[in-house]
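Student: Below you'll find the structure I mean.
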Amino acid sequence: MRELVILGTASQVPTRSRNHNGYFLRWEREGILFDPGEGTQRQMIHAGVSASRITRICLTHVHGDHCFGLPGVLSRMVLDGVEHPVHLHYPVSGEEVVRSLVSLATPGLDLHLHPHGVEGPIAAGIEVQPLRHRIEAYGYRVTEPDGRSFLPDRLAAAGIGGPDVGRLQREGRLGDVRLEDVSVHRPGRRFAFIMDTALCDGAFVLADGADLLVTESTFSDDDAALADQYLHLTAGQAGSLARAGRAGTLVLTHFSSRYDDVGELAAQARLSAGRATVVAASDLDRLPFPRRARG
Ligand SMILES: [Zn+2]
């Protein structure tokens, strides 16, 4: 099961319809919470996401709209009796803020702190790349292992069905039939998460080949000067990341409270997003993980 639950979509200040940031990625057995801003615990209730599902928390940076929800979420996990280990990832320069936030939470969680200060893998299937913001920030990419897709007509022609399919997959061979005779290579799907940043190399690396690409889109193209000044993306720049990376679906979020209607931002992103499907996120949206983008 892979899906993205949007818990909040506001930058800097929440609005009547937008909570501070919060994104929950269900990724098979992992439940990864990204950037829990204030109010994330309550948004999880509205969205039907149980705190016990969280196995990992990833912070892009330690500005409040991306992490002030941490003590509440951690305390709730203790209250709910979570016993499994929970891993917390964040930029190393945010160590003091993170330790302060964690110290406010109810003790008792099996919490493991993992600061990172360089690009590269931070856990199985998860890597970070530096972004360009006013403080140290990193974006994340989660990649499914490569696998194989069976070709039903080849399986039928070889007379293989039922539990034998699983055996063939595990053992690589069944009698005279090899796995590669009846299946094709299937590249793992990719999720990318890019928050507060100006356009930079790291953002392009993360966007590359993403099936689901979540990016900040704080400003309209009309406010590009503000985006430059505060090191944020415009909607058009978010679209350009999706096009350069040949992303499948682009999810825009982290909107400035100055826009009542973000439909205009989605339209601007579409102009530069190439073939990507563009979605302007609303709080409590659920996005099933899309099929792999091809070509
Ligand atoms: Zn922010």
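Ligands are numbered from 1 in the order shown, chains are lettered A, B, ... in the order of the structure tokens, and residues start at 1 in each chain.
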Kindly provide, as a list in words, all nucleotide and amino acid residues lying within 7 Å of ligand 1, counting only C-alpha atoms and all ligand atoms.
Tutor: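 Selection of residues at most 7 Å from ligand 1: Ser11, Gln12, His63, Asp65, His66, Asp196 and His254 of chain A.
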Student: May I have the residues within 7 Å of A:Gln41 as a list in words, using only C-alpha atoms and disregarding those fewer than 4 positions away in the same chain?
Tutor: Ile45, Gly72 and Val73 of chain A
Student: Would you mind exporting N, CA and C atoms of the selected residues as an mmCIF file, in the first residue's frame?
Tutor:
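So the final result, stored in result_2.cif, reads:
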```cif
data_model
loop_
_atom_site.group_PDB
_atom_site.id
_atom_site.type_symbol
_atom_site.label_atom_id
_atom_site.label_comp_id
_atom_site.auth_asym_id
_atom_site.auth_seq_id
_atom_site.Cartn_x
_atom_site.Cartn_y
_atom_site.Cartn_z
ATOM 1 N N ILE A 45 -6.002 13.181 12.934
ATOM 2 C CA ILE A 45 -7.316 12.649 13.331
ATOM 3 C C ILE A 45 -8.323 12.884 12.213
ATOM 4 N N GLY A 72 3.964 17.370 19.942
ATOM 5 C CA GLY A 72 2.607 16.829 20.061
ATOM 6 C C GLY A 72 2.485 15.447 19.459
ATOM 7 N N VAL A 73 3.057 15.278 18.270
ATOM 8 C CA VAL A 73 2.975 13.975 17.598
ATOM 9 C C VAL A 73 3.726 12.910 18.396
#
```
Student: Excluding A:Val279 and residues on its chain fewer than 6 positions from it, collect all residues at most 7 Å away from it, counting only C-alpha atoms, and give them as a list of chain:residue names.
Tutor: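 Selected residues are A:Leu250, A:Val251, A:Leu252, A:Ala266.
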Student: Would you save the residues from that selection as a short mmCIF file (atom, residue, chain, number, x, y, z; two decimals), in the first residue's frame, using C-alpha atoms?
Tutor:
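Result saved to part04.cif:
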```
data_model
loop_
_atom_site.label_atom_id
_atom_site.label_comp_id
_atom_site.auth_asym_id
_atom_site.auth_seq_id
_atom_site.Cartn_x
_atom_site.Cartn_y
_atom_site.Cartn_z
CA LEU A 250 3.41 17.21 -9.45
CA VAL A 251 1.76 18.13 -6.16
CA LEU A 252 1.99 21.82 -5.27
CA ALA A 266 -1.68 25.38 -10.60
#
```
Student: If we count only C-alpha atoms and set the cut-off at 10 Å, which residues sit around A:Val118, ignoring sequence neighbours fewer than 6 positions away in its own chain? Please answer as a PDB file with N, CA and C atoms, in the first residue's frame.
Tutor:
```pdb
ATOM      1  N   PRO A  91      18.424  18.035   9.257  1.00  0.00           N
ATOM      2  CA  PRO A  91      19.755  18.598   8.978  1.00  0.00           C
ATOM      3  C   PRO A  91      20.519  18.822  10.273  1.00  0.00           C
ATOM      4  N   VAL A  92      21.804  18.542  10.227  1.00  0.00           N
ATOM      5  CA  VAL A  92      22.618  18.538  11.446  1.00  0.00           C
ATOM      6  C   VAL A  92      22.636  19.912  12.119  1.00  0.00           C
ATOM      7  N   VAL A 128      18.899  11.946   0.663  1.00  0.00           N
ATOM      8  CA  VAL A 128      18.671  13.388   0.796  1.00  0.00           C
ATOM      9  C   VAL A 128      19.561  14.144  -0.188  1.00  0.00           C
ATOM     10  N   GLN A 129      19.118  15.339  -0.547  1.00  0.00           N
ATOM     11  CA  GLN A 129      19.902  16.264  -1.356  1.00  0.00           C
ATOM     12  C   GLN A 129      19.752  17.646  -0.748  1.00  0.00           C
ATOM     13  N   PRO A 130      20.839  18.441  -0.752  1.00  0.00           N
ATOM     14  CA  PRO A 130      20.748  19.783  -0.173  1.00  0.00           C
ATOM     15  C   PRO A 130      19.857  20.692  -1.009  1.00  0.00           C
ATOM     16  N   TYR A 138      17.249  20.162   3.512  1.00  0.00           N
ATOM     17  CA  TYR A 138      17.454  19.007   2.635  1.00  0.00           C
ATOM     18  C   TYR A 138      16.104  18.495   2.160  1.00  0.00           C
TER      19      TYR A 138
END
```
Student: Find the residues near A:Ala210: any atom within 7 Å, counting only C-alpha atoms, skip ones fewer than 2 places away on the same chain, and give them as JSON, numbers by chain.
Tutor: {"A": [190, 191, 192, 207, 208, 212, 213, 245, 247, 248]}
Student: Would you please work out which residue, of A:Leu88, A:Leu111, A:Ala137, A:Ala276, is nearest to A:Thr60 when using only C-alpha atoms?
Tutor: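 For A:Thr60, the nearest of the candidates is A:Ala137.
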Student: My list of candidates is A:Ser149, A:Ser272, A:Ser17, A:Ser256. Which is closest to A:Arg243 when distances are computed with only C-alpha atoms?
Tutor: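 Of A:Ser149, A:Ser272, A:Ser17, A:Ser256, the one nearest A:Arg243 is A:Ser272, counting only C-alpha atoms.
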Student: To test your reading of the structure, identify every residue in stretch 65-261 of chain A that backbone DSSP assigns to alpha helix (DSSP H), and report it as a VMD selection string.
Tutor: chain A and resid 70 to 79 95 to 104 152 to 157 163 to 171 201 to 207 224 to 230 235 to 244
Student: I need the residue nearest A:Ile194 from this list: A:Ala225, A:Val177, A:Val142, A:Leu7. Use only C-alpha atoms for the distance.
Tutor: A:Val142
Student: Env of A:Gly108: 8 Å cut, atoms = only C-alpha atoms, seq-sep filter 2 positions within chain, self excluded. Answer as a ChimeraX atom specification.
Tutor: /A:78,106,110
Student: Find, counting only C-alpha atoms, the residue in A:Arg132, A:His89, A:Arg42, A:His112 that gets nearest to A:Cys67.
Tutor: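 Of the candidates, the smallest distance to A:Cys67 is held by A:His89.
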Student: If you run DSSP on the backbone here, which positions in stretch 138-268 of chain A get strand (DSSP E or B)? Please write them as an MDAnalysis selection string.
Tutor: chainID A and resid 138:143 147:150 173:174 177:178 183:186 190:194 212:216 219 234 249:253 255
Student: Go ahead and save the residues from that selection, with C-alpha atoms, as an mmCIF file, in the first residue's frame.
Tutor:
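Below is the file that was written, again-v3.cif:
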```cif
data_model
loop_
_atom_site.group_PDB
_atom_site.id
_atom_site.type_symbol
_atom_site.label_atom_id
_atom_site.label_comp_id
_atom_site.auth_asym_id
_atom_site.auth_seq_id
_atom_site.Cartn_x
_atom_site.Cartn_y
_atom_site.Cartn_z
ATOM 1 C CA TYR A 138 17.454 19.007 2.635
ATOM 2 C CA GLY A 139 14.863 17.395 0.384
ATOM 3 C CA TYR A 140 14.110 13.665 0.396
ATOM 4 C CA ARG A 141 13.627 10.917 -2.144
ATOM 5 C CA VAL A 142 12.128 7.518 -1.385
ATOM 6 C CA THR A 143 12.692 4.759 -3.918
ATOM 7 C CA GLY A 147 11.373 -5.608 -9.335
ATOM 8 C CA ARG A 148 9.911 -7.626 -12.191
ATOM 9 C CA SER A 149 6.472 -7.514 -13.802
ATOM 10 C CA PHE A 150 5.044 -10.812 -14.993
ATOM 11 C CA ARG A 173 13.504 -20.735 -12.166
ATOM 12 C CA LEU A 174 10.764 -23.345 -12.365
ATOM 13 C CA VAL A 177 11.258 -21.725 -17.330
ATOM 14 C CA ARG A 178 13.452 -18.858 -16.172
ATOM 15 C CA SER A 183 8.678 -11.183 -16.894
ATOM 16 C CA VAL A 184 10.268 -7.814 -17.573
ATOM 17 C CA HIS A 185 12.387 -5.517 -15.410
ATOM 18 C CA ARG A 186 10.299 -3.013 -13.460
ATOM 19 C CA ARG A 190 10.026 7.183 -6.736
ATOM 20 C CA PHE A 191 8.602 9.737 -4.336
ATOM 21 C CA ALA A 192 10.319 13.120 -3.989
ATOM 22 C CA PHE A 193 9.740 15.797 -1.373
ATOM 23 C CA ILE A 194 11.103 19.293 -1.955
ATOM 24 C CA LEU A 212 5.029 11.614 -7.323
ATOM 25 C CA LEU A 213 6.797 14.926 -6.784
ATOM 26 C CA VAL A 214 5.717 17.141 -3.890
ATOM 27 C CA THR A 215 7.175 20.633 -4.048
ATOM 28 C CA GLU A 216 6.636 23.890 -2.329
ATOM 29 C CA PHE A 219 4.449 32.183 -4.626
ATOM 30 C CA THR A 234 7.199 30.180 -7.770
ATOM 31 C CA THR A 249 2.463 13.853 -10.960
ATOM 32 C CA LEU A 250 3.410 17.205 -9.454
ATOM 33 C CA VAL A 251 1.764 18.134 -6.161
ATOM 34 C CA LEU A 252 1.986 21.820 -5.268
ATOM 35 C CA THR A 253 1.789 22.895 -1.625
ATOM 36 C CA PHE A 255 1.142 28.183 -0.298
#
```
